[in-house]
file final_37.cif (mmCIF, C-alpha atoms and all ligand atoms; chains and numbers go by the auth columns)
data_work
loop_
_atom_site.group_PDB
_atom_site.id
_atom_site.type_symbol
_atom_site.label_atom_id
_atom_site.label_comp_id
_atom_site.label_asym_id
_atom_site.label_seq_id
_atom_site.Cartn_x
_atom_site.Cartn_y
_atom_site.Cartn_z
_atom_site.B_iso_or_equiv
_atom_site.auth_seq_id
_atom_site.auth_asym_id
ATOM 1 C CA MET A 1 116.388 95.404 112.066 0.00 112 A
ATOM 2 C CA ARG A 2 114.142 96.737 109.329 0.00 113 A
ATOM 3 C CA ARG A 3 115.430 99.932 107.777 0.00 114 A
ATOM 4 C CA LYS A 4 112.718 102.559 107.447 0.00 115 A
ATOM 5 C CA LEU A 5 111.640 103.479 103.925 0.00 116 A
ATOM 6 C CA VAL A 6 109.795 106.513 102.622 0.00 117 A
ATOM 7 C CA ALA A 7 108.611 106.241 99.036 0.00 118 A
ATOM 8 C CA GLY A 8 107.068 109.142 97.146 0.00 119 A
ATOM 9 C CA ASN A 9 104.365 108.284 94.637 0.00 120 A
ATOM 10 C CA TRP A 10 104.054 111.305 92.364 0.00 121 A
ATOM 11 C CA LYS A 11 101.116 109.758 90.507 0.00 122 A
ATOM 12 C CA MET A 12 100.340 111.492 87.170 0.00 123 A
ATOM 13 C CA GLN A 13 101.923 114.781 88.166 0.00 124 A
ATOM 14 C CA GLY A 14 105.072 116.696 87.260 0.00 125 A
ATOM 15 C CA ARG A 15 106.852 118.466 84.436 0.00 126 A
ATOM 16 C CA GLN A 16 110.554 118.525 83.677 0.00 127 A
ATOM 17 C CA ALA A 17 111.034 121.894 85.363 0.00 128 A
ATOM 18 C CA SER A 18 109.101 121.078 88.531 0.00 129 A
ATOM 19 C CA ASN A 19 110.690 117.612 88.762 0.00 130 A
ATOM 20 C CA ALA A 20 114.144 119.159 88.632 0.00 131 A
ATOM 21 C CA ALA A 21 113.289 121.737 91.287 0.00 132 A
ATOM 22 C CA LEU A 22 111.776 119.129 93.591 0.00 133 A
ATOM 23 C CA LEU A 23 114.730 116.761 93.279 0.00 134 A
ATOM 24 C CA GLN A 24 117.268 119.489 93.696 0.00 135 A
ATOM 25 C CA SER A 25 115.647 120.450 96.972 0.00 136 A
ATOM 26 C CA LEU A 26 115.353 116.830 98.133 0.00 137 A
ATOM 27 C CA LYS A 27 118.990 116.171 97.353 0.00 138 A
ATOM 28 C CA ALA A 28 120.195 119.349 99.032 0.00 139 A
ATOM 29 C CA GLN A 29 118.220 118.624 102.177 0.00 140 A
ATOM 30 C CA THR A 30 119.205 114.964 102.498 0.00 141 A
ATOM 31 C CA ALA A 31 122.815 114.956 101.343 0.00 142 A
ATOM 32 C CA ASP A 32 124.396 114.675 104.753 0.00 143 A
ATOM 33 C CA TRP A 33 121.866 112.904 106.939 0.00 144 A
ATOM 34 C CA LEU A 34 119.698 110.375 104.964 0.00 145 A
ATOM 35 C CA GLY A 35 119.985 107.177 107.060 0.00 146 A
ATOM 36 C CA VAL A 36 116.650 105.843 105.889 0.00 147 A
ATOM 37 C CA ASP A 37 115.743 104.624 102.420 0.00 148 A
ATOM 38 C CA MET A 38 114.111 107.223 100.206 0.00 149 A
ATOM 39 C CA TRP A 39 112.542 106.337 96.854 0.00 150 A
ATOM 40 C CA VAL A 40 110.686 108.492 94.360 0.00 151 A
ATOM 41 C CA ALA A 41 108.231 107.172 91.782 0.00 152 A
ATOM 42 C CA PRO A 42 107.681 109.684 88.959 0.00 153 A
ATOM 43 C CA PRO A 43 105.428 109.066 85.954 0.00 154 A
ATOM 44 C CA ALA A 44 106.954 106.748 83.337 0.00 155 A
ATOM 45 C CA ALA A 45 107.494 109.690 81.002 0.00 156 A
ATOM 46 C CA TYR A 46 109.998 111.181 83.426 0.00 157 A
ATOM 47 C CA LEU A 47 111.866 108.081 84.625 0.00 158 A
ATOM 48 C CA MET A 48 114.908 108.832 82.486 0.00 159 A
ATOM 49 C CA GLN A 49 114.995 112.463 83.514 0.00 160 A
ATOM 50 C CA VAL A 50 114.688 111.597 87.207 0.00 161 A
ATOM 51 C CA ALA A 51 117.250 108.775 86.928 0.00 162 A
ATOM 52 C CA GLY A 52 119.738 111.310 85.645 0.00 163 A
ATOM 53 C CA LEU A 53 118.948 113.820 88.364 0.00 164 A
ATOM 54 C CA LEU A 54 119.267 111.184 91.110 0.00 165 A
ATOM 55 C CA GLN A 55 122.751 110.124 90.121 0.00 166 A
ATOM 56 C CA GLY A 56 125.124 110.490 93.038 0.00 167 A
ATOM 57 C CA SER A 57 122.275 110.891 95.534 0.00 168 A
ATOM 58 C CA GLY A 58 121.161 108.243 97.993 0.00 169 A
ATOM 59 C CA ILE A 59 117.630 108.398 96.596 0.00 170 A
ATOM 60 C CA ALA A 60 116.426 105.452 94.493 0.00 171 A
ATOM 61 C CA LEU A 61 114.071 105.426 91.539 0.00 172 A
ATOM 62 C CA ALA A 62 110.793 103.532 91.403 0.00 173 A
ATOM 63 C CA ALA A 63 108.073 103.209 88.779 0.00 174 A
ATOM 64 C CA GLN A 64 104.343 103.381 89.397 0.00 175 A
ATOM 65 C CA ASN A 65 103.250 100.486 87.221 0.00 176 A
ATOM 66 C CA VAL A 66 104.587 97.759 84.944 0.00 177 A
ATOM 67 C CA ALA A 67 103.238 95.705 82.081 0.00 178 A
ATOM 68 C CA ARG A 68 102.274 92.096 82.626 0.00 179 A
ATOM 69 C CA GLU A 69 103.920 91.212 79.324 0.00 180 A
ATOM 70 C CA ASN A 70 107.506 91.105 78.134 0.00 181 A
ATOM 71 C CA ASP A 71 108.563 93.437 75.283 0.00 182 A
ATOM 72 C CA GLY A 72 106.412 93.075 72.188 0.00 183 A
ATOM 73 C CA ALA A 73 103.284 94.355 70.488 0.00 184 A
ATOM 74 C CA PHE A 74 101.581 95.916 73.518 0.00 185 A
ATOM 75 C CA THR A 75 100.890 99.511 72.571 0.00 186 A
ATOM 76 C CA GLY A 76 101.173 101.947 75.422 0.00 187 A
ATOM 77 C CA GLU A 77 102.706 99.525 77.909 0.00 188 A
ATOM 78 C CA VAL A 78 106.107 99.718 79.639 0.00 189 A
ATOM 79 C CA SER A 79 107.869 96.435 80.388 0.00 190 A
ATOM 80 C CA ALA A 80 109.803 95.479 83.513 0.00 191 A
ATOM 81 C CA GLY A 81 112.942 95.209 81.412 0.00 192 A
ATOM 82 C CA MET A 82 112.470 98.792 80.256 0.00 193 A
ATOM 83 C CA LEU A 83 112.061 99.979 83.842 0.00 194 A
ATOM 84 C CA VAL A 84 115.346 98.304 84.773 0.00 195 A
ATOM 85 C CA ASP A 85 116.973 99.811 81.708 0.00 196 A
ATOM 86 C CA CYS A 86 115.765 103.260 82.829 0.00 197 A
ATOM 87 C CA GLY A 87 117.440 102.802 86.215 0.00 198 A
ATOM 88 C CA CYS A 88 114.485 101.746 88.339 0.00 199 A
ATOM 89 C CA HIS A 89 115.112 99.870 91.557 0.00 200 A
ATOM 90 C CA ALA A 90 111.491 99.236 92.463 0.00 201 A
ATOM 91 C CA VAL A 91 107.942 99.414 91.138 0.00 202 A
ATOM 92 C CA ILE A 92 104.573 100.015 92.773 0.00 203 A
ATOM 93 C CA ILE A 93 102.208 97.134 92.052 0.00 204 A
ATOM 94 C CA GLY A 94 98.454 97.037 92.552 0.00 205 A
ATOM 95 C CA HIS A 95 97.926 100.602 93.714 0.00 206 A
ATOM 96 C CA SER A 96 94.241 101.092 94.489 0.00 207 A
ATOM 97 C CA GLU A 97 93.955 103.692 91.734 0.00 208 A
ATOM 98 C CA ARG A 98 95.029 101.027 89.236 0.00 209 A
ATOM 99 C CA ARG A 99 92.728 98.451 90.766 0.00 210 A
ATOM 100 C CA THR A 100 89.787 100.893 90.723 0.00 211 A
ATOM 101 C CA HIS A 101 90.247 102.959 87.554 0.00 212 A
ATOM 102 C CA TYR A 102 91.970 100.385 85.329 0.00 213 A
ATOM 103 C CA GLY A 103 90.299 97.228 86.538 0.00 214 A
ATOM 104 C CA GLU A 104 93.434 95.525 87.815 0.00 215 A
ATOM 105 C CA SER A 105 92.347 92.269 89.415 0.00 216 A
ATOM 106 C CA ASP A 106 94.141 90.406 92.193 0.00 217 A
ATOM 107 C CA ALA A 107 95.311 87.916 89.562 0.00 218 A
ATOM 108 C CA LEU A 108 96.749 90.620 87.294 0.00 219 A
ATOM 109 C CA VAL A 109 98.467 92.230 90.272 0.00 220 A
ATOM 110 C CA ALA A 110 100.093 88.892 91.085 0.00 221 A
ATOM 111 C CA GLU A 111 101.285 88.515 87.492 0.00 222 A
ATOM 112 C CA LYS A 112 102.792 91.985 87.550 0.00 223 A
ATOM 113 C CA PHE A 113 104.451 91.232 90.881 0.00 224 A
ATOM 114 C CA LEU A 114 106.126 88.171 89.372 0.00 225 A
ATOM 115 C CA LYS A 115 107.127 90.021 86.220 0.00 226 A
ATOM 116 C CA ALA A 116 108.749 92.786 88.256 0.00 227 A
ATOM 117 C CA GLN A 117 110.726 90.346 90.381 0.00 228 A
ATOM 118 C CA GLU A 118 111.872 88.325 87.387 0.00 229 A
ATOM 119 C CA ALA A 119 113.399 91.516 86.010 0.00 230 A
ATOM 120 C CA GLY A 120 115.133 92.281 89.306 0.00 231 A
ATOM 121 C CA LEU A 121 112.823 95.040 90.487 0.00 232 A
ATOM 122 C CA VAL A 122 111.567 95.275 94.058 0.00 233 A
ATOM 123 C CA PRO A 123 107.767 95.180 93.938 0.00 234 A
ATOM 124 C CA VAL A 124 105.877 97.424 96.345 0.00 235 A
ATOM 125 C CA LEU A 125 102.631 95.508 96.659 0.00 236 A
ATOM 126 C CA CYS A 126 99.706 97.721 97.659 0.00 237 A
ATOM 127 C CA VAL A 127 96.778 96.322 99.579 0.00 238 A
ATOM 128 C CA GLY A 128 93.878 98.054 101.266 0.00 239 A
ATOM 129 C CA GLU A 129 90.162 98.114 101.829 0.00 240 A
ATOM 130 C CA THR A 130 87.513 100.585 100.666 0.00 241 A
ATOM 131 C CA LEU A 131 85.353 102.501 103.113 0.00 242 A
ATOM 132 C CA ASP A 132 82.420 100.167 102.453 0.00 243 A
ATOM 133 C CA GLU A 133 84.593 97.166 103.149 0.00 244 A
ATOM 134 C CA ARG A 134 85.869 98.688 106.400 0.00 245 A
ATOM 135 C CA GLU A 135 82.371 99.567 107.522 0.00 246 A
ATOM 136 C CA ALA A 136 81.230 96.038 106.715 0.00 247 A
ATOM 137 C CA GLY A 137 83.988 94.683 108.960 0.00 248 A
ATOM 138 C CA ALA A 138 85.778 93.144 105.989 0.00 249 A
ATOM 139 C CA THR A 139 89.174 94.881 106.293 0.00 250 A
ATOM 140 C CA ALA A 140 91.079 91.814 107.474 0.00 251 A
ATOM 141 C CA ALA A 141 89.502 89.555 104.875 0.00 252 A
ATOM 142 C CA VAL A 142 90.197 91.985 102.016 0.00 253 A
ATOM 143 C CA VAL A 143 93.859 92.634 102.761 0.00 254 A
ATOM 144 C CA ARG A 144 94.458 88.969 103.500 0.00 255 A
ATOM 145 C CA ARG A 145 92.922 88.009 100.159 0.00 256 A
ATOM 146 C CA GLN A 146 95.041 90.592 98.310 0.00 257 A
ATOM 147 C CA LEU A 147 98.185 89.272 99.979 0.00 258 A
ATOM 148 C CA ASP A 148 97.240 85.597 99.649 0.00 259 A
ATOM 149 C CA VAL A 149 96.914 85.839 95.881 0.00 260 A
ATOM 150 C CA VAL A 150 100.510 87.004 95.644 0.00 261 A
ATOM 151 C CA LEU A 151 101.723 84.469 98.205 0.00 262 A
ATOM 152 C CA ALA A 152 100.080 81.705 96.192 0.00 263 A
ATOM 153 C CA ALA A 153 101.566 82.899 92.908 0.00 264 A
ATOM 154 C CA ALA A 154 105.050 83.864 94.062 0.00 265 A
ATOM 155 C CA GLY A 155 105.628 81.919 97.283 0.00 266 A
ATOM 156 C CA VAL A 156 106.578 83.422 100.607 0.00 267 A
ATOM 157 C CA ALA A 157 110.283 83.582 99.751 0.00 268 A
ATOM 158 C CA ALA A 158 109.459 86.228 97.138 0.00 269 A
ATOM 159 C CA LEU A 159 108.455 88.579 99.934 0.00 270 A
ATOM 160 C CA ALA A 160 112.062 88.649 101.116 0.00 271 A
ATOM 161 C CA GLN A 161 112.695 90.839 98.060 0.00 272 A
ATOM 162 C CA ALA A 162 109.529 92.901 98.212 0.00 273 A
ATOM 163 C CA VAL A 163 107.768 95.620 100.165 0.00 274 A
ATOM 164 C CA VAL A 164 104.093 95.638 101.110 0.00 275 A
ATOM 165 C CA ALA A 165 102.149 98.879 101.487 0.00 276 A
ATOM 166 C CA TYR A 166 98.906 99.022 103.407 0.00 277 A
ATOM 167 C CA GLU A 167 96.857 101.805 101.880 0.00 278 A
ATOM 168 C CA PRO A 168 93.261 102.047 103.052 0.00 279 A
ATOM 169 C CA VAL A 169 91.443 103.402 100.003 0.00 280 A
ATOM 170 C CA TRP A 170 89.373 105.773 102.140 0.00 281 A
ATOM 171 C CA ALA A 171 92.562 107.470 103.370 0.00 282 A
ATOM 172 C CA ILE A 172 94.190 108.083 99.980 0.00 283 A
ATOM 173 C CA GLY A 173 94.161 111.708 98.918 0.00 284 A
ATOM 174 C CA THR A 174 91.294 112.421 101.292 0.00 285 A
ATOM 175 C CA GLY A 175 93.190 114.014 104.156 0.00 286 A
ATOM 176 C CA ARG A 176 91.675 111.280 106.301 0.00 287 A
ATOM 177 C CA THR A 177 94.506 109.193 107.744 0.00 288 A
ATOM 178 C CA ALA A 178 94.054 105.903 109.493 0.00 289 A
ATOM 179 C CA THR A 179 94.951 106.335 113.134 0.00 290 A
ATOM 180 C CA PRO A 180 98.296 104.816 114.073 0.00 291 A
ATOM 181 C CA GLU A 181 96.384 102.126 115.956 0.00 292 A
ATOM 182 C CA GLN A 182 94.148 101.310 112.975 0.00 293 A
ATOM 183 C CA ALA A 183 97.165 101.057 110.702 0.00 294 A
ATOM 184 C CA GLN A 184 99.168 99.033 113.227 0.00 295 A
ATOM 185 C CA GLU A 185 96.326 96.548 113.565 0.00 296 A
ATOM 186 C CA VAL A 186 96.366 95.806 109.841 0.00 297 A
ATOM 187 C CA HIS A 187 100.165 95.790 109.633 0.00 298 A
ATOM 188 C CA ALA A 188 100.345 93.275 112.476 0.00 299 A
ATOM 189 C CA LEU A 189 97.774 91.141 110.716 0.00 300 A
ATOM 190 C CA LEU A 190 99.750 91.213 107.456 0.00 301 A
ATOM 191 C CA ARG A 191 102.982 90.336 109.204 0.00 302 A
ATOM 192 C CA SER A 192 101.396 87.476 111.097 0.00 303 A
ATOM 193 C CA ARG A 193 99.899 86.130 107.861 0.00 304 A
ATOM 194 C CA VAL A 194 103.387 86.052 106.319 0.00 305 A
ATOM 195 C CA ALA A 195 104.791 84.528 109.524 0.00 306 A
ATOM 196 C CA GLN A 196 102.415 81.594 109.106 0.00 307 A
ATOM 197 C CA ASP A 197 104.429 80.706 106.013 0.00 308 A
ATOM 198 C CA ASP A 198 107.882 81.913 107.073 0.00 309 A
ATOM 199 C CA GLU A 199 108.755 83.696 110.298 0.00 310 A
ATOM 200 C CA ALA A 200 112.093 85.020 109.116 0.00 311 A
ATOM 201 C CA VAL A 201 110.608 86.542 105.967 0.00 312 A
ATOM 202 C CA ALA A 202 107.846 88.106 108.074 0.00 313 A
ATOM 203 C CA ALA A 203 110.351 89.585 110.519 0.00 314 A
ATOM 204 C CA GLY A 204 112.329 91.203 107.709 0.00 315 A
ATOM 205 C CA LEU A 205 109.403 92.389 105.586 0.00 316 A
ATOM 206 C CA ARG A 206 109.015 96.142 105.316 0.00 317 A
ATOM 207 C CA LEU A 207 105.392 97.193 105.680 0.00 318 A
ATOM 208 C CA LEU A 208 104.634 100.755 104.610 0.00 319 A
ATOM 209 C CA TYR A 209 101.545 102.722 105.495 0.00 320 A
ATOM 210 C CA GLY A 210 99.995 104.953 102.820 0.00 321 A
ATOM 211 C CA GLY A 211 97.062 107.354 102.863 0.00 322 A
ATOM 212 C CA SER A 212 97.361 111.084 103.583 0.00 323 A
ATOM 213 C CA VAL A 213 100.744 110.730 105.289 0.00 324 A
ATOM 214 C CA LYS A 214 102.278 114.127 105.995 0.00 325 A
ATOM 215 C CA ALA A 215 104.878 115.604 108.287 0.00 326 A
ATOM 216 C CA ALA A 216 102.277 116.218 110.985 0.00 327 A
ATOM 217 C CA ASN A 217 101.174 112.586 111.331 0.00 328 A
ATOM 218 C CA ALA A 218 104.271 110.647 110.240 0.00 329 A
ATOM 219 C CA ALA A 219 106.005 110.387 113.616 0.00 330 A
ATOM 220 C CA ALA A 220 102.995 108.835 115.328 0.00 331 A
ATOM 221 C CA LEU A 221 102.613 106.291 112.518 0.00 332 A
ATOM 222 C CA PHE A 222 106.315 105.411 112.515 0.00 333 A
ATOM 223 C CA ALA A 223 106.248 104.861 116.273 0.00 334 A
ATOM 224 C CA MET A 224 104.096 101.778 115.716 0.00 335 A
ATOM 225 C CA PRO A 225 106.048 98.525 115.877 0.00 336 A
ATOM 226 C CA ASP A 226 104.942 97.160 112.500 0.00 337 A
ATOM 227 C CA ILE A 227 104.990 100.385 110.476 0.00 338 A
ATOM 228 C CA ASP A 228 108.311 100.502 108.657 0.00 339 A
ATOM 229 C CA GLY A 229 107.780 103.626 106.608 0.00 340 A
ATOM 230 C CA ALA A 230 105.325 105.267 104.273 0.00 341 A
ATOM 231 C CA LEU A 231 104.132 105.395 100.708 0.00 342 A
ATOM 232 C CA VAL A 232 103.450 109.084 100.315 0.00 343 A
ATOM 233 C CA GLY A 233 101.337 110.638 97.569 0.00 344 A
ATOM 234 C CA GLY A 234 100.463 114.329 97.741 0.00 345 A
ATOM 235 C CA ALA A 235 103.030 115.245 100.398 0.00 346 A
ATOM 236 C CA SER A 236 105.869 113.762 98.324 0.00 347 A
ATOM 237 C CA LEU A 237 105.447 116.608 95.803 0.00 348 A
ATOM 238 C CA ASP A 238 106.510 119.110 98.439 0.00 349 A
ATOM 239 C CA ALA A 239 110.213 118.707 99.180 0.00 350 A
ATOM 240 C CA ASN A 240 110.010 120.138 102.686 0.00 351 A
ATOM 241 C CA GLU A 241 107.091 117.899 103.638 0.00 352 A
ATOM 242 C CA PHE A 242 108.685 114.802 102.166 0.00 353 A
ATOM 243 C CA VAL A 243 111.998 115.495 103.887 0.00 354 A
ATOM 244 C CA ALA A 244 110.187 116.083 107.175 0.00 355 A
ATOM 245 C CA ILE A 245 108.500 112.680 106.761 0.00 356 A
ATOM 246 C CA ALA A 246 111.898 111.097 106.092 0.00 357 A
ATOM 247 C CA ARG A 247 113.288 112.828 109.159 0.00 358 A
ATOM 248 C CA ALA A 248 110.471 111.389 111.260 0.00 359 A
ATOM 249 C CA ALA A 249 111.326 107.958 109.866 0.00 360 A
ATOM 250 C CA ARG A 250 114.921 108.449 110.784 0.00 361 A
ATOM 251 C CA VAL A 251 114.078 109.461 114.326 0.00 362 A
ATOM 252 C CA ALA A 252 111.920 106.329 114.644 0.00 363 A
ATOM 253 C CA GLN A 253 114.620 104.121 113.078 0.00 364 A
HETATM 254 P P1 LIG B . 98.205 110.312 99.457 0.00 401 A
HETATM 255 O O1 LIG B . 98.439 109.070 98.464 0.00 401 A
HETATM 256 O O2 LIG B . 99.423 110.393 100.351 0.00 401 A
HETATM 257 O O3 LIG B . 98.080 111.506 98.560 0.00 401 A
HETATM 258 O O4 LIG B . 96.975 110.021 100.246 0.00 401 A
HETATM 259 C C1 LIG B . 99.052 107.891 98.913 0.00 401 A
HETATM 260 C C2 LIG B . 99.124 106.906 97.771 0.00 401 A
HETATM 261 O O5 LIG B . 98.163 106.790 97.023 0.00 401 A
HETATM 262 O O6 LIG B . 100.141 106.198 97.603 0.00 401 A
#
call {"tool": "encode", "arguments": {"input": "final_37.cif", "output": "structure tokens"}}
result
Amino acid sequence: MRRKLVAGNWKMQGRQASNAALLQSLKAQTADWLGVDMWVAPPAAYLMQVAGLLQGSGIALAAQNVARENDGAFTGEVSAGMLVDCGCHAVIIGHSERRTHYGESDALVAEKFLKAQEAGLVPVLCVGETLDEREAGATAAVVRRQLDVVLAAAGVAALAQAVVAYEPVWAIGTGRTATPEQAQEVHALLRSRVAQDDEAVAAGLRLLYGGSVKAANAAALFAMPDIDGALVGGASLDANEFVAIARAARVAQ
């Protein structure tokens, strides 16, 4: 059975004081009942701080991005080896904000995916269509292409050590969530694409939904057969909301 996972993507938000307060509340509220996987992805600047604060908790650390290159003369970049050294378990790869604002191509995303896995990190591969693409009926083609590039570069076996997040771009930070049925349709499509290459890997692959997930809509999303958790942006900065989402995941587990 796939264990539910809720991952909080803090994006470029936080300060030492607010990070500490948020984590203290998360830890206090989850100490005796967690039962699902919970990850938090703070900005790179705070990875060390958060790693320290998470010690002894059941919450794991993730990064939001990784360099394509190994250590060397790449000003401003953070390598996969550094993320491991900072205590990261996982890393978000190909978030739509990186694809859109920083020009990350499918090919670069695949390279980063490989680099993360080589270092022992669990990549959380983000895929998702824009509103224009959805309205043009291209959703299936877009997410399949985004997944296929990684399958071609890494092979299906690599997905046994990865997570895929379906994040429709039109639902991110907009308050507009995909309906559970819309999300399920894409999740089922992604799983069946992986099953074409390897049924066992497909059956074990955790597929997260992301895009305006909050306590109020989490339970309905998690009730869908192919939705194994959530990648949560805004609501992960509010400890009570994020814990309520994790609780919904646990109920659906
Ligand atoms: P949101 O962000 O929950 O704020 O919509 C989700 C994400 O971008 O991962």
call {"tool": "atom_distance", "arguments": {"input": "final_37.cif", "atom1": "atom CA of Leu318 of chain A", "atom2": "atom CA of Val362 of chain A"}}
result
17.3 Å
call {"tool": "closest_residue", "arguments": {"input": "final_37.cif", "among": "A:Ala191, A:Val220, A:Leu145, A:Ala265", "to": "His206 of chain A", "atoms": "all atoms listed in the file"}}
result
A:Val220
call {"tool": "resolve_selection", "arguments": {"input": "final_37.cif", "expression": "the PyMOL selection byres (((chain A and resi 288-290) around 12) and not hetatm)", "output": "NGL selection string"}}
result
:A and (239-240 or 242 or 245 or 277-287 or 291-298 or 320-325 or 327-335 or 338 or 343)
call {"tool": "resolve_selection", "arguments": {"input": "final_37.cif", "expression": "the PyMOL selection byres (((chain A and resi 208-212) around 10) and not hetatm)", "output": "PyMOL selection string"}}
result
chain A and resi 122+175-176+204-207+213-217+219-220+237-238+280+283
call {"tool": "residues_around", "arguments": {"input": "final_37.cif", "residues": "Asp308 of chain A", "least_positions_apart": "3", "cutoff": "8 Å", "atoms": "only C-alpha atoms", "output": "PyMOL selection string"}}
result
chain A and resi 267+304-305
call {"tool": "resolve_selection", "arguments": {"input": "final_37.cif", "expression": "the PyMOL selection byres (((chain A and resi 354) around 10) and not hetatm)", "output": "list of chain:residue names"}}
result
A:Val117, A:Ser136, A:Leu137, A:Lys138, A:Gln140, A:Thr141, A:Leu145, A:Met149, A:Ala326, A:Ala346, A:Ser347, A:Asp349, A:Ala350, A:Asn351, A:Glu352, A:Phe353, A:Ala355, A:Ile356, A:Ala357, A:Arg358, A:Ala359, A:Ala360
call {"tool": "atom_distance", "arguments": {"input": "final_37.cif", "atom1": "atom CA of Ala311 of chain A", "atom2": "atom CA of Val254 of chain A"}}
result
20.8 Å
call {"tool": "atom_distance", "arguments": {"input": "final_37.cif", "atom1": "atom CA of Phe224 of chain A", "atom2": "atom CA of Ser190 of chain A"}}
result
12.2 Å
call {"tool": "closest_residue", "arguments": {"input": "final_37.cif", "among": "A:Ala363, A:Leu194, A:Ala162, A:Val151", "to": "ligand LIG 401 (chain A)", "atoms": "only C-alpha atoms and all ligand atoms"}}
result
A:Val151
call {"tool": "closest_residue", "arguments": {"input": "final_37.cif", "among": "A:Gly146, A:Leu116, A:Gly340, A:Ile203", "to": "ligand LIG 401 (chain A)", "atoms": "all atoms listed in the file"}}
result
A:Ile203
call {"tool": "axis_aligned_box", "arguments": {"input": "final_37.cif", "around": "ligand LIG 401 (chain A)", "padding_each_side": "4 Å", "output": "AutoDock Vina command-line options"}}
result
--center_x 98.6 --center_y 108.9 --center_z 98.7 --size_x 11.2 --size_y 13.3 --size_z 11.3
call {"tool": "residues_around", "arguments": {"input": "final_37.cif", "residues": "Leu270 of chain A", "least_positions_apart": "4", "cutoff": "10 Å", "atoms": "all atoms listed in the file", "output": "list in words"}}
result
Gln228, Val233, Pro234, Val235, Leu236, Val261, Leu262, Ala265, Gly266, Val274, Val275, Val305, Asp309, Val312, Ala313, Gly315, Leu316 and Arg317 of chain A
call {"tool": "write_last_selection", "arguments": {"input": "final_37.cif", "atoms": "C-alpha atoms", "output": "PDB file, keeping the file's coordinate frame"}}
result
ATOM      1  CA  GLN A 228     110.726  90.346  90.381  1.00  0.00           C
ATOM      2  CA  VAL A 233     111.567  95.275  94.058  1.00  0.00           C
ATOM      3  CA  PRO A 234     107.767  95.180  93.938  1.00  0.00           C
ATOM      4  CA  VAL A 235     105.877  97.424  96.345  1.00  0.00           C
ATOM      5  CA  LEU A 236     102.631  95.508  96.659  1.00  0.00           C
ATOM      6  CA  VAL A 261     100.510  87.004  95.644  1.00  0.00           C
ATOM      7  CA  LEU A 262     101.723  84.469  98.205  1.00  0.00           C
ATOM      8  CA  ALA A 265     105.050  83.864  94.062  1.00  0.00           C
ATOM      9  CA  GLY A 266     105.628  81.919  97.283  1.00  0.00           C
ATOM     10  CA  VAL A 274     107.768  95.620 100.165  1.00  0.00           C
ATOM     11  CA  VAL A 275     104.093  95.638 101.110  1.00  0.00           C
ATOM     12  CA  VAL A 305     103.387  86.052 106.319  1.00  0.00           C
ATOM     13  CA  ASP A 309     107.882  81.913 107.073  1.00  0.00           C
ATOM     14  CA  VAL A 312     110.608  86.542 105.967  1.00  0.00           C
ATOM     15  CA  ALA A 313     107.846  88.106 108.074  1.00  0.00           C
ATOM     16  CA  GLY A 315     112.329  91.203 107.709  1.00  0.00           C
ATOM     17  CA  LEU A 316     109.403  92.389 105.586  1.00  0.00           C
ATOM     18  CA  ARG A 317     109.015  96.142 105.316  1.00  0.00           C
TER      19      ARG A 317
END
